[in-house]
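The next block is my_file_24.cif, given as mmCIF, C-alpha atoms.
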data_protein
loop_
_atom_site.label_atom_id
_atom_site.label_comp_id
_atom_site.auth_asym_id
_atom_site.auth_seq_id
_atom_site.Cartn_x
_atom_site.Cartn_y
_atom_site.Cartn_z
CA MET A 1 49.81 35.95 124.62
CA ARG A 2 46.50 37.78 124.99
CA ARG A 3 48.08 41.00 123.77
CA GLY A 4 49.34 39.23 120.66
CA ILE A 5 45.89 37.79 119.87
CA VAL A 6 44.21 41.19 120.33
CA ALA A 7 46.77 42.90 118.08
CA LEU A 8 46.30 40.23 115.41
CA ALA A 9 42.49 40.63 115.52
CA ILE A 10 42.79 44.41 115.16
CA ALA A 11 45.12 44.00 112.20
CA ILE A 12 42.71 41.56 110.46
CA VAL A 13 39.70 43.89 110.96
CA ALA A 14 41.67 46.88 109.68
CA ALA A 15 42.77 44.94 106.62
CA MET A 16 39.16 43.99 105.84
CA LEU A 17 37.80 47.52 106.24
CA TRP A 18 40.60 49.42 104.49
CA PRO A 19 39.81 48.48 100.85
CA ALA A 20 36.12 49.36 101.22
CA GLU A 21 36.91 52.74 102.76
CA SER A 22 39.55 53.35 100.12
CA ARG A 23 37.13 52.52 97.29
CA ALA A 24 34.37 54.70 98.79
CA ALA A 25 36.74 57.64 99.03
CA GLN A 26 38.16 57.17 95.60
CA THR A 27 34.91 56.61 93.66
CA PRO A 28 33.52 60.17 93.82
CA THR A 29 36.98 61.59 93.11
CA GLY A 30 37.45 59.27 90.17
CA ILE A 31 34.18 60.36 88.58
CA ALA A 32 34.83 64.04 89.13
CA THR A 33 38.33 63.93 87.67
CA ASP A 34 37.61 61.63 84.71
CA PRO A 35 38.99 63.60 81.72
CA ILE A 36 36.28 62.42 79.31
CA LEU A 37 33.65 64.03 81.56
CA GLN A 38 35.41 67.39 81.37
CA PRO A 39 34.97 69.83 78.44
CA PRO A 40 37.24 69.13 75.46
CA PRO A 41 40.45 71.20 75.25
CA TYR A 42 39.75 74.70 73.95
CA ASN A 43 43.26 75.48 72.61
CA GLY A 44 42.58 79.19 72.92
CA GLN A 45 39.39 79.03 70.81
CA PRO A 46 35.77 78.68 72.04
CA LEU A 47 34.03 75.40 71.35
CA ASP A 48 31.49 75.72 68.50
CA ILE A 49 28.12 74.18 69.33
CA THR A 50 25.52 74.08 66.59
CA ILE A 51 22.07 74.27 68.14
CA GLY A 52 18.61 73.61 66.74
CA LEU A 53 14.99 73.28 67.80
CA HIS A 54 12.23 71.12 66.32
CA ILE A 55 8.85 72.33 67.62
CA VAL A 56 6.46 69.42 67.92
CA ASN A 57 3.54 71.26 69.49
CA ILE A 58 2.54 74.33 71.47
CA SER A 59 -0.21 73.02 73.72
CA SER A 60 -1.36 76.29 75.30
CA ILE A 61 -0.79 80.03 75.32
CA ASP A 62 -1.92 81.95 78.39
CA GLU A 63 -2.03 85.73 77.94
CA VAL A 64 -3.02 86.33 81.57
CA SER A 65 0.11 84.69 83.05
CA GLU A 66 2.18 85.46 79.90
CA GLN A 67 3.29 81.83 79.55
CA PHE A 68 3.11 79.08 76.95
CA GLN A 69 3.67 75.31 76.96
CA MET A 70 6.01 73.82 74.34
CA ASP A 71 6.81 70.26 73.30
CA ALA A 72 9.98 70.09 71.20
CA TYR A 73 13.20 68.36 70.24
CA LEU A 74 16.40 70.15 71.24
CA PHE A 75 19.45 69.40 69.08
CA ALA A 76 23.14 70.18 69.60
CA ARG A 77 26.25 69.26 67.66
CA TRP A 78 29.96 69.77 68.47
CA ILE A 79 33.32 68.11 67.87
CA ASP A 80 35.18 66.31 70.65
CA PRO A 81 38.52 65.01 69.25
CA ARG A 82 38.93 62.68 72.21
CA LEU A 83 35.98 60.60 70.98
CA ALA A 84 37.30 60.08 67.43
CA PHE A 85 37.74 56.45 66.41
CA ILE A 86 38.68 54.33 63.42
CA PRO A 87 35.68 52.33 62.17
CA SER A 88 36.17 48.61 62.33
CA GLY A 89 33.77 48.04 59.44
CA SER A 90 30.80 49.38 57.50
CA ASN A 91 28.52 48.86 60.51
CA ASP A 92 30.79 50.82 62.82
CA GLN A 93 30.06 54.35 61.57
CA GLU A 94 28.73 55.77 64.84
CA ARG A 95 28.81 54.90 68.49
CA ASN A 96 26.10 55.55 71.08
CA TYR A 97 26.64 56.87 74.57
CA SER A 98 24.45 57.66 77.55
CA PHE A 99 24.51 60.36 80.19
CA GLY A 100 27.52 60.13 82.47
CA GLN A 101 29.80 58.50 79.92
CA ILE A 102 31.02 61.61 78.05
CA TRP A 103 30.90 65.38 78.47
CA ILE A 104 27.63 67.05 77.45
CA PRO A 105 27.16 70.86 77.46
CA GLN A 106 24.53 72.01 79.92
CA LEU A 107 21.98 73.97 77.88
CA GLU A 108 19.50 75.97 79.92
CA MET A 109 16.24 77.64 78.86
CA ILE A 110 16.57 80.66 81.05
CA ASN A 111 13.00 81.92 80.56
CA ALA A 112 11.54 78.58 81.68
CA ALA A 113 8.67 79.06 84.13
CA THR A 114 8.70 75.34 85.03
CA PRO A 115 11.58 72.83 85.05
CA ARG A 116 12.32 71.29 81.66
CA GLU A 117 11.16 67.68 81.46
CA ARG A 118 13.34 65.37 79.34
CA TYR A 119 11.70 62.26 77.95
CA GLU A 120 14.12 60.63 75.50
CA THR A 121 17.74 61.47 74.72
CA SER A 122 20.20 60.35 72.07
CA ILE A 123 24.00 60.79 72.02
CA ARG A 124 25.72 59.61 68.84
CA VAL A 125 29.39 60.07 67.94
CA ALA A 126 30.78 59.93 64.38
CA PRO A 127 34.30 58.62 63.57
CA ASP A 128 35.72 62.16 63.38
CA GLY A 129 34.52 62.91 66.94
CA THR A 130 31.39 64.85 65.96
CA VAL A 131 28.82 64.45 68.71
CA HIS A 132 25.12 64.59 67.79
CA TYR A 133 22.91 65.23 70.81
CA ALA A 134 19.08 65.20 70.78
CA GLU A 135 16.48 65.33 73.50
CA ARG A 136 12.67 65.37 73.59
CA CYS A 137 11.51 67.91 76.13
CA LYS A 138 8.42 69.65 77.44
CA VAL A 139 8.62 72.97 79.22
CA GLY A 140 6.53 75.95 80.27
CA LEU A 141 8.11 79.25 79.20
CA SER A 142 7.41 82.88 80.01
CA SER A 143 7.37 85.50 77.30
CA LYS A 144 6.39 89.15 77.13
CA PHE A 145 3.04 89.70 75.41
CA ALA A 146 2.07 92.92 73.59
CA LEU A 147 -1.73 92.98 73.79
CA ARG A 148 -2.74 96.54 72.87
CA ARG A 149 -4.18 95.23 69.59
CA PHE A 150 -6.11 92.41 71.30
CA PRO A 151 -7.95 90.51 69.79
CA PHE A 152 -6.24 91.37 66.48
CA ASP A 153 -2.75 90.92 67.85
CA ARG A 154 0.36 89.01 66.82
CA GLN A 155 2.77 87.64 69.39
CA SER A 156 6.38 86.53 69.40
CA LEU A 157 6.92 83.60 71.77
CA VAL A 158 10.59 83.58 72.68
CA ILE A 159 12.75 80.63 73.76
CA ILE A 160 16.11 81.75 75.19
CA ILE A 161 18.90 79.18 75.56
CA HIS A 162 22.19 79.78 77.40
CA PRO A 163 25.01 77.41 78.26
CA PHE A 164 25.81 76.83 81.91
CA LEU A 165 27.15 80.12 83.23
CA VAL A 166 30.62 78.79 84.06
CA ASP A 167 31.05 77.23 80.61
CA GLY A 168 29.72 80.31 78.80
CA PRO A 169 33.05 82.04 78.04
CA HIS A 170 34.38 78.87 76.41
CA ILE A 171 31.37 78.14 74.16
CA ARG A 172 30.12 79.72 70.94
CA PHE A 173 26.68 78.98 69.49
CA ARG A 174 26.06 78.50 65.78
CA LEU A 175 23.02 77.80 63.61
CA ASP A 176 22.94 75.71 60.47
CA ASP A 177 20.54 75.98 57.53
CA TYR A 178 18.24 73.28 58.92
CA SER A 179 18.50 74.16 62.60
CA THR A 180 14.90 75.07 63.29
CA TRP A 181 11.56 73.92 61.98
CA THR A 182 8.11 72.80 63.08
CA ALA A 183 6.46 69.42 62.75
CA SER A 184 4.60 69.00 59.46
CA GLU A 185 1.52 67.82 61.38
CA PHE A 186 1.51 70.89 63.64
CA GLU A 187 -1.52 72.51 61.99
CA SER A 188 -3.57 69.31 61.99
CA TYR A 189 -3.27 68.35 65.68
CA SER A 190 -2.38 71.66 67.34
CA SER A 191 -4.61 72.47 70.30
CA LEU A 192 -4.28 76.21 69.66
CA ALA A 193 -7.77 76.96 68.38
CA GLN A 194 -7.21 80.71 68.76
CA TRP A 195 -3.72 80.91 67.26
CA LYS A 196 -2.01 80.32 63.95
CA LEU A 197 1.74 79.73 63.82
CA THR A 198 3.28 81.84 61.06
CA ALA A 199 7.08 81.56 61.41
CA VAL A 200 10.00 80.48 63.60
CA GLN A 201 13.05 82.74 63.50
CA PRO A 202 16.31 81.66 65.20
CA ARG A 203 18.95 84.20 66.15
CA ILE A 204 22.34 84.02 67.84
CA GLU A 205 23.35 86.80 70.21
CA VAL A 206 25.81 87.52 73.00
CA ALA A 207 24.24 88.38 76.35
CA PRO A 208 25.98 90.24 79.20
CA THR A 209 26.38 88.49 82.52
CA TYR A 210 28.13 89.03 85.85
CA GLY A 211 31.51 90.76 86.09
CA ARG A 212 31.18 92.31 82.60
CA ARG A 213 31.43 88.88 81.09
CA THR A 214 29.33 87.63 78.20
CA VAL A 215 27.59 84.38 77.42
CA PRO A 216 26.34 83.08 74.05
CA GLU A 217 22.58 83.17 73.59
CA ALA A 218 20.30 81.36 71.15
CA ARG A 219 16.87 82.93 70.65
CA PHE A 220 14.03 81.17 68.89
CA ALA A 221 11.11 83.53 68.20
CA ILE A 222 7.85 81.75 67.34
CA SER A 223 5.51 84.17 65.56
CA VAL A 224 1.82 83.45 66.14
CA GLN A 225 -1.27 85.30 64.98
CA ARG A 226 -4.56 85.24 66.86
CA ARG A 227 -7.61 83.96 65.05
CA SER A 228 -10.07 86.75 65.85
CA SER A 229 -13.25 85.18 64.41
CA PHE A 230 -14.45 84.16 67.88
CA TYR A 231 -14.34 87.75 69.12
CA LEU A 232 -15.90 89.15 65.96
CA TRP A 233 -18.98 86.93 66.17
CA LYS A 234 -19.26 86.45 69.94
CA VAL A 235 -18.24 89.88 71.27
CA PHE A 236 -18.18 92.69 68.71
CA LEU A 237 -21.38 91.78 66.86
CA PRO A 238 -23.53 91.35 70.03
CA LEU A 239 -22.21 94.64 71.42
CA LEU A 240 -23.05 96.47 68.19
CA LEU A 241 -26.58 95.05 68.25
CA MET A 242 -27.01 96.22 71.86
CA VAL A 243 -25.91 99.74 70.94
CA PHE A 244 -28.23 99.77 67.93
CA LEU A 245 -31.06 98.62 70.20
CA SER A 246 -30.47 101.57 72.54
CA TRP A 247 -30.98 103.91 69.59
CA ALA A 248 -34.55 102.62 69.19
CA VAL A 249 -35.59 105.34 71.65
CA PHE A 250 -34.97 107.91 68.89
CA TRP A 251 -38.01 106.58 67.00
CA ILE A 252 -40.37 106.17 69.96
CA GLU A 253 -42.87 108.95 70.59
CA ALA A 254 -41.23 111.63 72.74
CA SER A 255 -44.11 111.61 75.20
CA ASP A 256 -43.85 107.85 75.78
CA LEU A 257 -41.23 108.07 78.51
CA SER A 258 -42.00 104.67 80.05
CA ASN A 259 -41.12 102.64 76.96
CA GLN A 260 -38.04 104.75 76.23
CA VAL A 261 -36.64 104.31 79.72
CA GLN A 262 -37.41 100.61 79.65
CA VAL A 263 -35.47 100.12 76.41
CA ALA A 264 -32.50 102.24 77.53
CA VAL A 265 -32.14 100.74 81.02
CA THR A 266 -32.54 97.18 79.73
CA THR A 267 -29.81 97.80 77.18
CA ILE A 268 -27.39 99.18 79.78
CA LEU A 269 -27.96 96.22 82.10
CA THR A 270 -27.54 93.81 79.21
CA VAL A 271 -24.20 95.34 78.24
CA ILE A 272 -22.98 95.17 81.85
CA ALA A 273 -24.08 91.53 82.23
CA PHE A 274 -22.45 90.67 78.91
CA ALA A 275 -19.16 92.24 80.06
CA PHE A 276 -19.17 90.11 83.22
CA ALA A 277 -20.03 86.96 81.25
CA ILE A 278 -17.01 87.22 78.94
CA SER A 279 -14.54 88.68 81.46
CA ALA A 280 -12.93 85.24 81.91
CA THR A 281 -11.81 85.25 78.26
CA MET A 282 -10.21 88.69 78.50
CA PRO A 283 -6.59 89.35 79.55
CA ARG A 284 -6.20 91.23 82.84
CA LEU A 285 -3.84 94.06 81.98
CA PRO A 286 -2.90 97.42 83.50
CA TYR A 287 -3.44 99.17 80.14
CA LEU A 288 -6.27 99.46 77.63
CA THR A 289 -6.56 97.09 74.70
CA TYR A 290 -8.61 97.59 71.56
CA ILE A 291 -11.49 95.50 72.86
CA ASP A 292 -11.44 97.43 76.18
CA ALA A 293 -11.74 100.71 74.28
CA PHE A 294 -14.61 99.28 72.22
CA PHE A 295 -16.44 98.22 75.37
CA LEU A 296 -16.03 101.70 76.88
CA GLU A 297 -17.31 103.28 73.68
CA CYS A 298 -20.41 101.08 73.76
CA TYR A 299 -21.04 102.06 77.39
CA ILE A 300 -20.76 105.74 76.53
CA TYR A 301 -23.10 105.64 73.53
CA VAL A 302 -25.76 103.64 75.38
CA PHE A 303 -25.52 106.23 78.16
CA LEU A 304 -25.83 109.05 75.56
CA ALA A 305 -29.10 107.52 74.39
CA VAL A 306 -30.41 107.79 77.98
CA VAL A 307 -29.23 111.42 78.23
CA GLU A 308 -30.91 112.23 74.93
CA LEU A 309 -34.27 110.73 75.87
CA MET A 310 -34.28 112.52 79.24
CA THR A 311 -33.41 115.84 77.57
CA VAL A 312 -36.15 115.41 74.98
CA HIS A 313 -38.70 114.42 77.63
CA VAL A 314 -37.93 117.44 79.83
CA THR A 315 -38.22 119.88 76.93
CA HIS A 316 -41.28 118.10 75.54
CA ARG A 317 -43.23 118.68 78.74
CA SER A 318 -43.21 122.44 78.17
CA GLU A 319 -45.33 123.88 75.40
CA ARG A 320 -42.80 126.65 74.92
CA SER A 321 -39.79 124.34 74.37
CA ARG A 322 -41.56 121.36 72.80
CA ASP A 323 -40.27 122.22 69.35
CA LEU A 324 -36.70 122.29 70.74
CA GLY A 325 -37.12 118.74 72.05
CA LEU A 326 -38.35 117.58 68.65
CA GLU A 327 -35.34 119.22 66.98
CA ILE A 328 -32.98 117.48 69.41
CA ARG A 329 -34.67 114.17 68.62
CA LYS A 330 -34.46 114.82 64.88
CA TYR A 331 -30.73 115.50 64.85
CA SER A 332 -29.86 112.84 67.44
CA ARG A 333 -31.14 110.12 65.10
CA TRP A 334 -28.23 110.82 62.77
CA LEU A 335 -25.58 112.65 64.77
CA ILE A 336 -25.14 109.99 67.48
CA PRO A 337 -24.79 107.03 65.04
CA ALA A 338 -22.45 109.09 62.83
CA SER A 339 -20.27 110.08 65.78
CA PHE A 340 -20.22 106.41 66.87
CA VAL A 341 -18.77 105.43 63.48
CA VAL A 342 -16.18 108.24 63.59
CA THR A 343 -15.15 107.32 67.14
CA ASN A 344 -14.74 103.71 66.06
CA LEU A 345 -12.43 104.75 63.25
CA ILE A 346 -10.33 106.87 65.62
CA ILE A 347 -10.03 104.03 68.15
CA ALA A 348 -9.11 101.56 65.42
CA GLU A 349 -6.45 103.91 64.09
CA HIS A 350 -5.01 104.45 67.55
CA PHE A 351 -4.84 100.77 68.55
CA LEU A 352 -4.54 98.96 65.24
CA GLY A 353 -2.92 101.53 62.98
#

Mind turning this structure into structure tokens?
Amino acid sequence: MRRGIVALAIAIVAAMLWPAESRAAQTPTGIATDPILQPPPYNGQPLDITIGLHIVNISSIDEVSEQFQMDAYLFARWIDPRLAFIPSGSNDQERNYSFGQIWIPQLEMINAATPRERYETSIRVAPDGTVHYAERCKVGLSSKFALRRFPFDRQSLVIIIHPFLVDGPHIRFRLDDYSTWTASEFESYSSLAQWKLTAVQPRIEVAPTYGRRTVPEARFAISVQRRSSFYLWKVFLPLLLMVFLSWAVFWIEASDLSNQVQVAVTTILTVIAFAFAISATMPRLPYLTYIDAFFLECYIYVFLAVVELMTVHVTHRSERSRDLGLEIRKYSRWLIPASFVVTNLIIAEHFLG
């Protein structure tokens, strides 16, 4: 009797637990094998995905880290015949879905320096099965900067989009005539005081990947031009005035060494202090830019003024060579400024030409 009761209790407990265990085991499998969550049938042809980008704002561009922050809408469009439907009326011309209900291609910004943040998404399906996908996103991206012409440079900020690597061989990117544009209010509220956006150029390419395979690639190149007025008025003009000040020694009496040295040394220290003061606004690069070359030129010509005054003073102390010192002073007044102008032209041609 006891054995029968125990067996009955075990059977009841097993019957109660079995459905829950069965459902728990079947739920993940059911989601993973749901056909509507798998890519649509390819039928031997890659799936065409039309891609677009609406740039809302570029909040910052950092030349030092070679990164920029972008706020944009990402658009994609493709046809999934499995989602086609017959409208039931005039108000049934599109149907809305959310993530996890249908298959969505995984689009990745491969040059993202920070994870892409999605704020709002929209998935709309037309009666013929055309899926319209849109997302609002914010992301930090890395891009290669060419700064030899700094601060008169132009940059191309690149956004590179790939499909998920596994899906790549079965997808083909396309662009339509209205695939890419910027917000009409971009110029009015953009926080880029130093930059002016000039153009956005989309391009479709095929990029190589592992095992000699290829993956479609969408490139959006944002052309920006630096507004150089800040550097003209706050860097170049003060440096020129400092160099001109150092040339004041050419018109001071040759025997007045004290005042000449005071002017020259003060100018050198001022240039050095000025360089430290603005170093935070300069890109830290392993190569020379135009503004670096201009700084070096200013250092050299201030130093030449010191060399000239010392040479004139040494020769002026001797009665025999006093006339030579006066001749050096006479020609230095014009030769050093003229060579400064010529050197500037050569540097400008090398870096900006």

(message) Using the chain letters and numbers from this file, what does the PyMOL selection byres ((chain A and resi 154-170) around 6) select? Give the answer as a PyMOL selection string.
(response) chain A and resi 46+106-110+143+153+171+215+217-225

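Straight-line separation from CA of Asp256 (chain A) to CA of Arg329 (chain A): 13.2 Å.
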
(request) Might you pull out every residue within 12 Å of Leu269 (chain A), with only C-alpha atoms counted and same-chain residues fewer than 2 positions away left off, and present them as a PyMOL selection string? (result) chain A and resi 242-243+246+262-267+271-276+299+302-303

(message) So, with all atoms listed in the file as the atoms that count, which of A:Pro151, A:Gly52, A:Pro208, A:Pro87 lies closest to Phe230 (chain A)?
(response) A:Pro151

(message) For a quick check of understanding, using all atoms listed in the file, which of A:Lys144, A:His350, A:Arg118, A:Lys330 has the smallest distance to Ile252 (chain A)?
(response) A:Lys330

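Residues near the point (39.1, 70.2, 76.4), at a distance of 10 Å or less over only C-alpha atoms, make up Pro35, Ile36, Leu37, Gln38, Pro39, Pro40, Pro41, Tyr42, Asn43, Leu47, Asp80, Pro81, Arg82, Trp103 and His170 of chain A.
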
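The space separating CA of Tyr301 (chain A) from CA of Pro283 (chain A) comes to 24.0 Å.
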
(message) Let me make sure I understand: among A:Val125, A:Ser90, A:Asp34, A:Phe295, which one has the smallest atom-to-atom distance to Pro238 (chain A) if we use only C-alpha atoms?
(response) A:Phe295

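Atom to atom, CA of Val139 (chain A) and CA of Arg227 (chain A) stand 24.2 Å apart.
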
(request) Name the closest residue to Glu327 (chain A) among the candidates A:Ala146, A:Met282, A:Ala254, A:Leu232; distances are taken between atoms, counting all atoms listed in the file. (result) A:Ala254

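Neighbours of Tyr133 (chain A) closer than or equal to 9 Å, with only C-alpha atoms counted and sequence neighbours fewer than 4 positions away skipped, come out as Leu74, Phe75, Ala76, Arg77, Trp78, Ile104, Thr121, Ser122, Ile123, Arg124 and Val125 of chain A.
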
(request) Tell me which of A:Ser98, A:Gln201, A:Thr114, A:Gln93 sits closest to Glu135 (chain A), counting only C-alpha atoms. (result) A:Ser98

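When all atoms listed in the file are used to measure the gap to Val306 (chain A), the shortest distance among A:Ala126, A:Trp247, A:Leu288, A:Arg226 belongs to A:Trp247.
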
Enclose all atoms of region 244-251 of chain A listed in the file in an axis-aligned box, grow every side by 6 Å, and hand back centre and edge lengths in Å to one decimal, as AutoDock Vina command-line options.
--center_x -33.1 --center_y 103.3 --center_z 69.8 --size_x 21.8 --size_y 21.3 --size_z 17.5

(request) For the point (21.6, 83.0, 60.3) in the file's frame, write as a PyMOL selection string all residues with an atom no more than 8 Å away, counting all atoms listed in the file. (result) chain A and resi 175-177+202-204

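Neighbours of region 56-67 of chain A closer than or equal to 6 Å, with all atoms listed in the file counted and sequence neighbours fewer than 3 positions away skipped, come out as Met70, Asp71, Ala72, Leu141, Ser142, Ser143, Ala183, Ser191, Pro283 and Arg284 of chain A.
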